[in-house]
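Asks: Please see the structure below; I have some questions.
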Amino acid sequence: MERRALVIEDDLLNRMFLCATLEGHGFRVRSLDDGELALATAREFKPHLIVTDIQLPHVSGLKVIASLRKDRDFRETPVLAVTAYVGPGEERRIRRAGADDFLPKPVSIKPLMDAVARLLGDVPAEAGASPIATQP
Ligand code: MN
């Protein structure tokens with residue numbers, strides 16, 4: 001079965017990395033460098049997974065996630081957030097917006113694909129699976 005991933009990331013190198021890694025694992029990928037068209041693109045592309053940066057021009061990733069969650073079609077779509085800045089309260093804000101999980105940047109292949117597998121139910125979910133949650 002074809003699986004589709006929507007990647008929203010304004011940083012070119014990181015966007016290329018996310019797209020290439022997901023494509024290398026069999027996903028068909030659509031990418032955006034801004035959050036403004038996220039909902040419209042998701043409606044058309046019907047992704048099984050959405051990976052979004054938080055710091056985006058014009059519309060923050062938090063707003064993108066929240067708007068997806070308000071849409072009946074994307075209420076349940078797994079959303080993985082990636083963010084460079086993980087300060088106090090950031091994890092809470094990201095999860096409250098509706099992200100299922102998040103990874104700190106720089107993202108590397110194994111943590112990314114482990115998170116994707118968890119979100120898509122390819123492997124059993126572990127308690128405290130977020131890498132942030134396990135940091136002291
Ligand atoms: Mn960014």
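In the structure tokens, chains take the letters A, B, ... in the order shown, each chain's residues start at 1, and ligands count up from 1 in the order shown.
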Enumerate residues in contact with ligand 1: an atom-to-atom distance of at most 8 Å, counting only C-alpha atoms and all ligand atoms. Format the result as a VMD selection string.
Replies: chain A and resid 9 to 11 53 to 57 83 to 84
Asks: Would you list, as a PDB file with all heavy atoms, in the first residue's frame, the residues of region 56-120 of chain A that end up in alpha helix (DSSP H) under DSSP run on this structure's backbone?
Replies:
ATOM      1  N   GLY A  61       4.374  26.354  13.154  1.00  0.00           N
ATOM      2  CA  GLY A  61       4.026  24.934  13.127  1.00  0.00           C
ATOM      3  C   GLY A  61       2.948  24.596  14.143  1.00  0.00           C
ATOM      4  O   GLY A  61       2.122  23.705  13.915  1.00  0.00           O
ATOM      5  N   LEU A  62       2.953  25.307  15.265  1.00  0.00           N
ATOM      6  CA  LEU A  62       1.923  25.051  16.284  1.00  0.00           C
ATOM      7  C   LEU A  62       0.533  25.341  15.726  1.00  0.00           C
ATOM      8  O   LEU A  62      -0.419  24.595  15.958  1.00  0.00           O
ATOM      9  CB  LEU A  62       2.168  25.906  17.528  1.00  0.00           C
ATOM     10  CG  LEU A  62       3.445  25.610  18.330  1.00  0.00           C
ATOM     11  CD1 LEU A  62       3.583  26.587  19.487  1.00  0.00           C
ATOM     12  CD2 LEU A  62       3.455  24.178  18.830  1.00  0.00           C
ATOM     13  N   LYS A  63       0.436  26.448  14.963  1.00  0.00           N
ATOM     14  CA  LYS A  63      -0.860  26.788  14.366  1.00  0.00           C
ATOM     15  C   LYS A  63      -1.233  25.802  13.276  1.00  0.00           C
ATOM     16  O   LYS A  63      -2.412  25.464  13.104  1.00  0.00           O
ATOM     17  CB  LYS A  63      -0.835  28.215  13.802  1.00  0.00           C
ATOM     18  CG  LYS A  63      -0.925  29.255  14.899  1.00  0.00           C
ATOM     19  CD  LYS A  63      -1.267  30.625  14.353  1.00  0.00           C
ATOM     20  CE  LYS A  63      -1.467  31.589  15.512  1.00  0.00           C
ATOM     21  NZ  LYS A  63      -1.239  32.987  15.115  1.00  0.00           N
ATOM     22  N   VAL A  64      -0.232  25.361  12.530  1.00  0.00           N
ATOM     23  CA  VAL A  64      -0.490  24.354  11.492  1.00  0.00           C
ATOM     24  C   VAL A  64      -1.075  23.097  12.130  1.00  0.00           C
ATOM     25  O   VAL A  64      -2.094  22.564  11.674  1.00  0.00           O
ATOM     26  CB  VAL A  64       0.809  24.007  10.727  1.00  0.00           C
ATOM     27  CG1 VAL A  64       0.609  22.776   9.837  1.00  0.00           C
ATOM     28  CG2 VAL A  64       1.271  25.195   9.891  1.00  0.00           C
ATOM     29  N   ILE A  65      -0.441  22.657  13.208  1.00  0.00           N
ATOM     30  CA  ILE A  65      -0.904  21.433  13.877  1.00  0.00           C
ATOM     31  C   ILE A  65      -2.316  21.635  14.424  1.00  0.00           C
ATOM     32  O   ILE A  65      -3.198  20.789  14.250  1.00  0.00           O
ATOM     33  CB  ILE A  65       0.066  21.035  15.007  1.00  0.00           C
ATOM     34  CG1 ILE A  65       1.446  20.676  14.434  1.00  0.00           C
ATOM     35  CG2 ILE A  65      -0.491  19.857  15.811  1.00  0.00           C
ATOM     36  CD1 ILE A  65       2.549  20.610  15.479  1.00  0.00           C
ATOM     37  N   ALA A  66      -2.524  22.783  15.075  1.00  0.00           N
ATOM     38  CA  ALA A  66      -3.840  23.039  15.661  1.00  0.00           C
ATOM     39  C   ALA A  66      -4.927  23.079  14.580  1.00  0.00           C
ATOM     40  O   ALA A  66      -6.032  22.566  14.782  1.00  0.00           O
ATOM     41  CB  ALA A  66      -3.810  24.350  16.457  1.00  0.00           C
ATOM     42  N   SER A  67      -4.592  23.662  13.427  1.00  0.00           N
ATOM     43  CA  SER A  67      -5.614  23.749  12.365  1.00  0.00           C
ATOM     44  C   SER A  67      -5.889  22.369  11.773  1.00  0.00           C
ATOM     45  O   SER A  67      -7.026  22.060  11.402  1.00  0.00           O
ATOM     46  CB  SER A  67      -5.201  24.746  11.281  1.00  0.00           C
ATOM     47  OG  SER A  67      -4.090  24.288  10.570  1.00  0.00           O
ATOM     48  N   LEU A  68      -4.877  21.527  11.697  1.00  0.00           N
ATOM     49  CA  LEU A  68      -5.107  20.148  11.234  1.00  0.00           C
ATOM     50  C   LEU A  68      -6.022  19.409  12.212  1.00  0.00           C
ATOM     51  O   LEU A  68      -6.934  18.690  11.813  1.00  0.00           O
ATOM     52  CB  LEU A  68      -3.776  19.398  11.116  1.00  0.00           C
ATOM     53  CG  LEU A  68      -2.864  19.815   9.954  1.00  0.00           C
ATOM     54  CD1 LEU A  68      -1.438  19.341  10.205  1.00  0.00           C
ATOM     55  CD2 LEU A  68      -3.392  19.255   8.641  1.00  0.00           C
ATOM     56  N   ARG A  69      -5.766  19.616  13.492  1.00  0.00           N
ATOM     57  CA  ARG A  69      -6.548  18.907  14.516  1.00  0.00           C
ATOM     58  C   ARG A  69      -8.008  19.330  14.550  1.00  0.00           C
ATOM     59  O   ARG A  69      -8.877  18.581  14.987  1.00  0.00           O
ATOM     60  CB  ARG A  69      -5.910  19.098  15.895  1.00  0.00           C
ATOM     61  CG  ARG A  69      -4.613  18.334  16.064  1.00  0.00           C
ATOM     62  CD  ARG A  69      -4.830  16.850  15.833  1.00  0.00           C
ATOM     63  NE  ARG A  69      -3.611  16.072  16.016  1.00  0.00           N
ATOM     64  CZ  ARG A  69      -3.141  15.197  15.119  1.00  0.00           C
ATOM     65  NH1 ARG A  69      -3.774  14.999  13.990  1.00  0.00           N
ATOM     66  NH2 ARG A  69      -2.037  14.512  15.358  1.00  0.00           N
ATOM     67  N   LYS A  70      -8.274  20.551  14.089  1.00  0.00           N
ATOM     68  CA  LYS A  70      -9.661  21.030  14.071  1.00  0.00           C
ATOM     69  C   LYS A  70     -10.410  20.493  12.864  1.00  0.00           C
ATOM     70  O   LYS A  70     -11.634  20.605  12.788  1.00  0.00           O
ATOM     71  CB  LYS A  70      -9.685  22.562  14.029  1.00  0.00           C
ATOM     72  CG  LYS A  70      -9.514  23.194  15.394  1.00  0.00           C
ATOM     73  CD  LYS A  70      -9.735  24.697  15.310  1.00  0.00           C
ATOM     74  CE  LYS A  70      -8.790  25.431  16.236  1.00  0.00           C
ATOM     75  NZ  LYS A  70      -8.222  26.633  15.633  1.00  0.00           N
ATOM     76  N   GLU A  90       8.288  24.011  25.866  1.00  0.00           N
ATOM     77  CA  GLU A  90       8.136  23.773  24.423  1.00  0.00           C
ATOM     78  C   GLU A  90       7.459  22.425  24.140  1.00  0.00           C
ATOM     79  O   GLU A  90       6.571  22.342  23.309  1.00  0.00           O
ATOM     80  CB  GLU A  90       9.508  23.837  23.741  1.00  0.00           C
ATOM     81  CG  GLU A  90       9.458  23.667  22.237  1.00  0.00           C
ATOM     82  CD  GLU A  90       9.038  24.924  21.486  1.00  0.00           C
ATOM     83  OE1 GLU A  90       8.508  25.855  22.114  1.00  0.00           O
ATOM     84  OE2 GLU A  90       9.237  24.955  20.262  1.00  0.00           O
ATOM     85  N   GLU A  91       7.896  21.391  24.841  1.00  0.00           N
ATOM     86  CA  GLU A  91       7.274  20.072  24.622  1.00  0.00           C
ATOM     87  C   GLU A  91       5.778  20.141  24.929  1.00  0.00           C
ATOM     88  O   GLU A  91       4.948  19.627  24.181  1.00  0.00           O
ATOM     89  CB  GLU A  91       7.931  18.997  25.498  1.00  0.00           C
ATOM     90  CG  GLU A  91       7.135  17.689  25.465  1.00  0.00           C
ATOM     91  CD  GLU A  91       7.871  16.495  26.068  1.00  0.00           C
ATOM     92  OE1 GLU A  91       8.947  16.702  26.669  1.00  0.00           O
ATOM     93  OE2 GLU A  91       7.363  15.375  25.930  1.00  0.00           O
ATOM     94  N   ARG A  92       5.432  20.815  26.021  1.00  0.00           N
ATOM     95  CA  ARG A  92       4.025  20.919  26.407  1.00  0.00           C
ATOM     96  C   ARG A  92       3.228  21.673  25.333  1.00  0.00           C
ATOM     97  O   ARG A  92       2.129  21.274  24.965  1.00  0.00           O
ATOM     98  CB  ARG A  92       3.921  21.637  27.754  1.00  0.00           C
ATOM     99  CG  ARG A  92       2.677  21.278  28.558  1.00  0.00           C
ATOM    100  CD  ARG A  92       2.683  21.924  29.945  1.00  0.00           C
ATOM    101  NE  ARG A  92       4.016  21.919  30.537  1.00  0.00           N
ATOM    102  CZ  ARG A  92       4.652  23.024  30.964  1.00  0.00           C
ATOM    103  NH1 ARG A  92       4.090  24.201  30.868  1.00  0.00           N
ATOM    104  NH2 ARG A  92       5.858  22.941  31.489  1.00  0.00           N
ATOM    105  N   ARG A  93       3.825  22.773  24.849  1.00  0.00           N
ATOM    106  CA  ARG A  93       3.118  23.564  23.820  1.00  0.00           C
ATOM    107  C   ARG A  93       2.890  22.738  22.555  1.00  0.00           C
ATOM    108  O   ARG A  93       1.826  22.800  21.944  1.00  0.00           O
ATOM    109  CB  ARG A  93       3.915  24.821  23.467  1.00  0.00           C
ATOM    110  CG  ARG A  93       3.677  25.975  24.424  1.00  0.00           C
ATOM    111  CD  ARG A  93       4.199  27.284  23.846  1.00  0.00           C
ATOM    112  NE  ARG A  93       5.648  27.286  23.706  1.00  0.00           N
ATOM    113  CZ  ARG A  93       6.487  27.575  24.696  1.00  0.00           C
ATOM    114  NH1 ARG A  93       6.025  27.913  25.882  1.00  0.00           N
ATOM    115  NH2 ARG A  93       7.782  27.542  24.510  1.00  0.00           N
ATOM    116  N   ILE A  94       3.925  21.976  22.182  1.00  0.00           N
ATOM    117  CA  ILE A  94       3.832  21.190  20.953  1.00  0.00           C
ATOM    118  C   ILE A  94       2.778  20.097  21.095  1.00  0.00           C
ATOM    119  O   ILE A  94       1.961  19.878  20.211  1.00  0.00           O
ATOM    120  CB  ILE A  94       5.216  20.600  20.594  1.00  0.00           C
ATOM    121  CG1 ILE A  94       6.168  21.729  20.167  1.00  0.00           C
ATOM    122  CG2 ILE A  94       5.092  19.560  19.493  1.00  0.00           C
ATOM    123  CD1 ILE A  94       7.609  21.303  20.029  1.00  0.00           C
ATOM    124  N   ARG A  95       2.795  19.438  22.245  1.00  0.00           N
ATOM    125  CA  ARG A  95       1.819  18.356  22.451  1.00  0.00           C
ATOM    126  C   ARG A  95       0.406  18.907  22.609  1.00  0.00           C
ATOM    127  O   ARG A  95      -0.563  18.313  22.150  1.00  0.00           O
ATOM    128  CB  ARG A  95       2.220  17.509  23.655  1.00  0.00           C
ATOM    129  CG  ARG A  95       3.475  16.693  23.389  1.00  0.00           C
ATOM    130  CD  ARG A  95       3.713  15.656  24.459  1.00  0.00           C
ATOM    131  NE  ARG A  95       4.978  14.967  24.270  1.00  0.00           N
ATOM    132  CZ  ARG A  95       5.180  13.964  23.417  1.00  0.00           C
ATOM    133  NH1 ARG A  95       4.187  13.525  22.672  1.00  0.00           N
ATOM    134  NH2 ARG A  95       6.362  13.400  23.299  1.00  0.00           N
ATOM    135  N   ARG A  96       0.296  20.064  23.278  1.00  0.00           N
ATOM    136  CA  ARG A  96      -1.025  20.657  23.456  1.00  0.00           C
ATOM    137  C   ARG A  96      -1.625  21.079  22.118  1.00  0.00           C
ATOM    138  O   ARG A  96      -2.832  21.017  21.915  1.00  0.00           O
ATOM    139  CB  ARG A  96      -0.933  21.870  24.398  1.00  0.00           C
ATOM    140  CG  ARG A  96      -2.271  22.369  24.882  1.00  0.00           C
ATOM    141  CD  ARG A  96      -2.109  23.495  25.881  1.00  0.00           C
ATOM    142  NE  ARG A  96      -1.507  23.058  27.131  1.00  0.00           N
ATOM    143  CZ  ARG A  96      -0.803  23.831  27.950  1.00  0.00           C
ATOM    144  NH1 ARG A  96      -0.609  25.102  27.660  1.00  0.00           N
ATOM    145  NH2 ARG A  96      -0.312  23.359  29.073  1.00  0.00           N
ATOM    146  N   ALA A  97      -0.761  21.527  21.206  1.00  0.00           N
ATOM    147  CA  ALA A  97      -1.237  21.892  19.868  1.00  0.00           C
ATOM    148  C   ALA A  97      -1.794  20.674  19.132  1.00  0.00           C
ATOM    149  O   ALA A  97      -2.607  20.813  18.229  1.00  0.00           O
ATOM    150  CB  ALA A  97      -0.107  22.525  19.056  1.00  0.00           C
ATOM    151  N   ILE A 109      18.589   9.807  10.906  1.00  0.00           N
ATOM    152  CA  ILE A 109      17.716   8.820  10.254  1.00  0.00           C
ATOM    153  C   ILE A 109      17.015   7.884  11.244  1.00  0.00           C
ATOM    154  O   ILE A 109      15.803   7.709  11.191  1.00  0.00           O
ATOM    155  CB  ILE A 109      18.511   7.997   9.211  1.00  0.00           C
ATOM    156  CG1 ILE A 109      18.962   8.915   8.075  1.00  0.00           C
ATOM    157  CG2 ILE A 109      17.647   6.860   8.641  1.00  0.00           C
ATOM    158  CD1 ILE A 109      19.870   8.236   7.051  1.00  0.00           C
ATOM    159  N   LYS A 110      17.794   7.304  12.151  1.00  0.00           N
ATOM    160  CA  LYS A 110      17.180   6.276  13.012  1.00  0.00           C
ATOM    161  C   LYS A 110      16.097   6.849  13.936  1.00  0.00           C
ATOM    162  O   LYS A 110      14.991   6.304  13.997  1.00  0.00           O
ATOM    163  CB  LYS A 110      18.243   5.520  13.799  1.00  0.00           C
ATOM    164  CG  LYS A 110      17.620   4.384  14.623  1.00  0.00           C
ATOM    165  CD  LYS A 110      18.639   3.368  15.057  1.00  0.00           C
ATOM    166  CE  LYS A 110      18.127   2.356  16.063  1.00  0.00           C
ATOM    167  NZ  LYS A 110      16.704   2.076  16.096  1.00  0.00           N
ATOM    168  N   PRO A 111      16.376   7.933  14.659  1.00  0.00           N
ATOM    169  CA  PRO A 111      15.289   8.496  15.489  1.00  0.00           C
ATOM    170  C   PRO A 111      14.069   8.886  14.668  1.00  0.00           C
ATOM    171  O   PRO A 111      12.929   8.699  15.109  1.00  0.00           O
ATOM    172  CB  PRO A 111      15.922   9.734  16.129  1.00  0.00           C
ATOM    173  CG  PRO A 111      17.394   9.482  16.082  1.00  0.00           C
ATOM    174  CD  PRO A 111      17.650   8.641  14.856  1.00  0.00           C
ATOM    175  N   LEU A 112      14.313   9.410  13.473  1.00  0.00           N
ATOM    176  CA  LEU A 112      13.190   9.794  12.614  1.00  0.00           C
ATOM    177  C   LEU A 112      12.359   8.563  12.246  1.00  0.00           C
ATOM    178  O   LEU A 112      11.137   8.554  12.445  1.00  0.00           O
ATOM    179  CB  LEU A 112      13.707  10.473  11.341  1.00  0.00           C
ATOM    180  CG  LEU A 112      12.648  10.762  10.260  1.00  0.00           C
ATOM    181  CD1 LEU A 112      11.581  11.731  10.776  1.00  0.00           C
ATOM    182  CD2 LEU A 112      13.304  11.324   9.000  1.00  0.00           C
ATOM    183  N   MET A 113      13.012   7.532  11.752  1.00  0.00           N
ATOM    184  CA  MET A 113      12.243   6.380  11.277  1.00  0.00           C
ATOM    185  C   MET A 113      11.667   5.571  12.441  1.00  0.00           C
ATOM    186  O   MET A 113      10.617   4.942  12.291  1.00  0.00           O
ATOM    187  CB  MET A 113      13.093   5.516  10.341  1.00  0.00           C
ATOM    188  CG  MET A 113      13.474   6.219   9.031  1.00  0.00           C
ATOM    189  SD  MET A 113      12.140   7.163   8.192  1.00  0.00           S
ATOM    190  CE  MET A 113      10.931   5.857   7.869  1.00  0.00           C
ATOM    191  N   ASP A 114      12.329   5.598  13.590  1.00  0.00           N
ATOM    192  CA  ASP A 114      11.743   4.958  14.776  1.00  0.00           C
ATOM    193  C   ASP A 114      10.449   5.673  15.166  1.00  0.00           C
ATOM    194  O   ASP A 114       9.437   5.039  15.483  1.00  0.00           O
ATOM    195  CB  ASP A 114      12.724   4.994  15.956  1.00  0.00           C
ATOM    196  CG  ASP A 114      13.834   3.955  15.814  1.00  0.00           C
ATOM    197  OD1 ASP A 114      13.771   3.125  14.887  1.00  0.00           O
ATOM    198  OD2 ASP A 114      14.765   3.985  16.640  1.00  0.00           O
ATOM    199  N   ALA A 115      10.495   7.005  15.154  1.00  0.00           N
ATOM    200  CA  ALA A 115       9.297   7.776  15.513  1.00  0.00           C
ATOM    201  C   ALA A 115       8.179   7.536  14.502  1.00  0.00           C
ATOM    202  O   ALA A 115       7.018   7.361  14.876  1.00  0.00           O
ATOM    203  CB  ALA A 115       9.640   9.266  15.602  1.00  0.00           C
ATOM    204  N   VAL A 116       8.541   7.510  13.229  1.00  0.00           N
ATOM    205  CA  VAL A 116       7.544   7.272  12.177  1.00  0.00           C
ATOM    206  C   VAL A 116       6.900   5.899  12.362  1.00  0.00           C
ATOM    207  O   VAL A 116       5.676   5.747  12.272  1.00  0.00           O
ATOM    208  CB  VAL A 116       8.203   7.399  10.776  1.00  0.00           C
ATOM    209  CG1 VAL A 116       7.284   6.859   9.682  1.00  0.00           C
ATOM    210  CG2 VAL A 116       8.572   8.851  10.501  1.00  0.00           C
ATOM    211  N   ALA A 117       7.734   4.899  12.648  1.00  0.00           N
ATOM    212  CA  ALA A 117       7.211   3.542  12.833  1.00  0.00           C
ATOM    213  C   ALA A 117       6.246   3.487  14.017  1.00  0.00           C
ATOM    214  O   ALA A 117       5.187   2.868  13.944  1.00  0.00           O
ATOM    215  CB  ALA A 117       8.366   2.562  13.030  1.00  0.00           C
ATOM    216  N   ARG A 118       6.608   4.164  15.102  1.00  0.00           N
ATOM    217  CA  ARG A 118       5.708   4.199  16.270  1.00  0.00           C
ATOM    218  C   ARG A 118       4.384   4.861  15.906  1.00  0.00           C
ATOM    219  O   ARG A 118       3.312   4.365  16.246  1.00  0.00           O
ATOM    220  CB  ARG A 118       6.343   5.004  17.410  1.00  0.00           C
ATOM    221  CG  ARG A 118       7.352   4.256  18.243  1.00  0.00           C
ATOM    222  CD  ARG A 118       7.614   4.980  19.563  1.00  0.00           C
ATOM    223  NE  ARG A 118       8.040   6.373  19.403  1.00  0.00           N
ATOM    224  CZ  ARG A 118       9.307   6.758  19.248  1.00  0.00           C
ATOM    225  NH1 ARG A 118      10.274   5.880  19.210  1.00  0.00           N
ATOM    226  NH2 ARG A 118       9.612   8.028  19.116  1.00  0.00           N
ATOM    227  N   LEU A 119       4.483   6.004  15.224  1.00  0.00           N
ATOM    228  CA  LEU A 119       3.273   6.765  14.921  1.00  0.00           C
ATOM    229  C   LEU A 119       2.357   6.021  13.962  1.00  0.00           C
ATOM    230  O   LEU A 119       1.144   6.159  14.029  1.00  0.00           O
ATOM    231  CB  LEU A 119       3.640   8.126  14.331  1.00  0.00           C
ATOM    232  CG  LEU A 119       4.286   9.097  15.307  1.00  0.00           C
ATOM    233  CD1 LEU A 119       4.672  10.384  14.604  1.00  0.00           C
ATOM    234  CD2 LEU A 119       3.350   9.393  16.466  1.00  0.00           C
TER     235      LEU A 119
END
Asks: What is the distance, in Å and to one decimal place, between CA of Asp33 (chain A) and CA of Ile8 (chain A)?
Replies: 5.8 Å
Asks: Counting only C-alpha atoms, which residue out of A:Leu22, A:Val107, A:Ala5, A:Ala99 sits closest to Leu49 (chain A)?
Replies: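 Nearest candidate to Leu49 (chain A) out of A:Leu22, A:Val107, A:Ala5, A:Ala99: A:Ala5.
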Asks: Take CA of Leu120 (chain A) and CA of Glu36 (chain A) and report the distance between them in Å, one decimal.
Replies: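 Separation of CA of Leu120 (chain A) and CA of Glu36 (chain A): 25.2 Å.
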Asks: Show which residues sit within 6 Å of Phe27 (chain A), as an NGL selection string. Count only C-alpha atoms, and ignore same-chain residues fewer than 4 positions away.
Replies: :A and (3-4 or 22-23)
Asks: When distances are computed from only C-alpha atoms, which of A:Val123, A:Val59, A:Val51, A:Ala38 shows the smallest separation from Leu80 (chain A)?
Replies: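 Looking at the shortest contact to Leu80 (chain A), the residue is A:Val51.
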Asks: DSSP on the backbone: which residues in region 20-75 of chain A end up as strand (DSSP E or B)? Give the answer as a list of chain:residue names.
Replies: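 Across region 20-75 of chain A, those assigned strand (DSSP E or B) are A:Phe27, A:Arg28, A:Val29, A:Arg30, A:Ser31, A:Leu32, A:Leu49, A:Ile50, A:Val51, A:Thr52, A:Asp53.
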Asks: When you look at Thr77 (chain A) with a cut-off of 8 Å (counting only C-alpha atoms), what residues show up, excluding the ones that are within fewer than 4 positions of it in the same chain? I need them as number ranges by chain.
Replies: A: 47-50, 73
Asks: Please determine, counting only C-alpha atoms, which residue among A:Pro78, A:Pro88, A:Gly24, A:Gly121 has the shortest atom-to-atom distance to Phe102 (chain A).
Replies: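 Smallest separation from Phe102 (chain A) among the options: A:Pro78.
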Asks: Mind pulling up the distance from CA of Gly26 (chain A) to CA of Glu2 (chain A)?
Replies: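 Spanning CA of Glu2 (chain A) to CA of Gly26 (chain A) is a straight-line distance of 7.9 Å.
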Asks: Looking at only C-alpha atoms, which of A:Ser31, A:His58, A:Thr52, A:Gly87 is the one that sits closest to Asp101 (chain A)?
Replies: A:Thr52
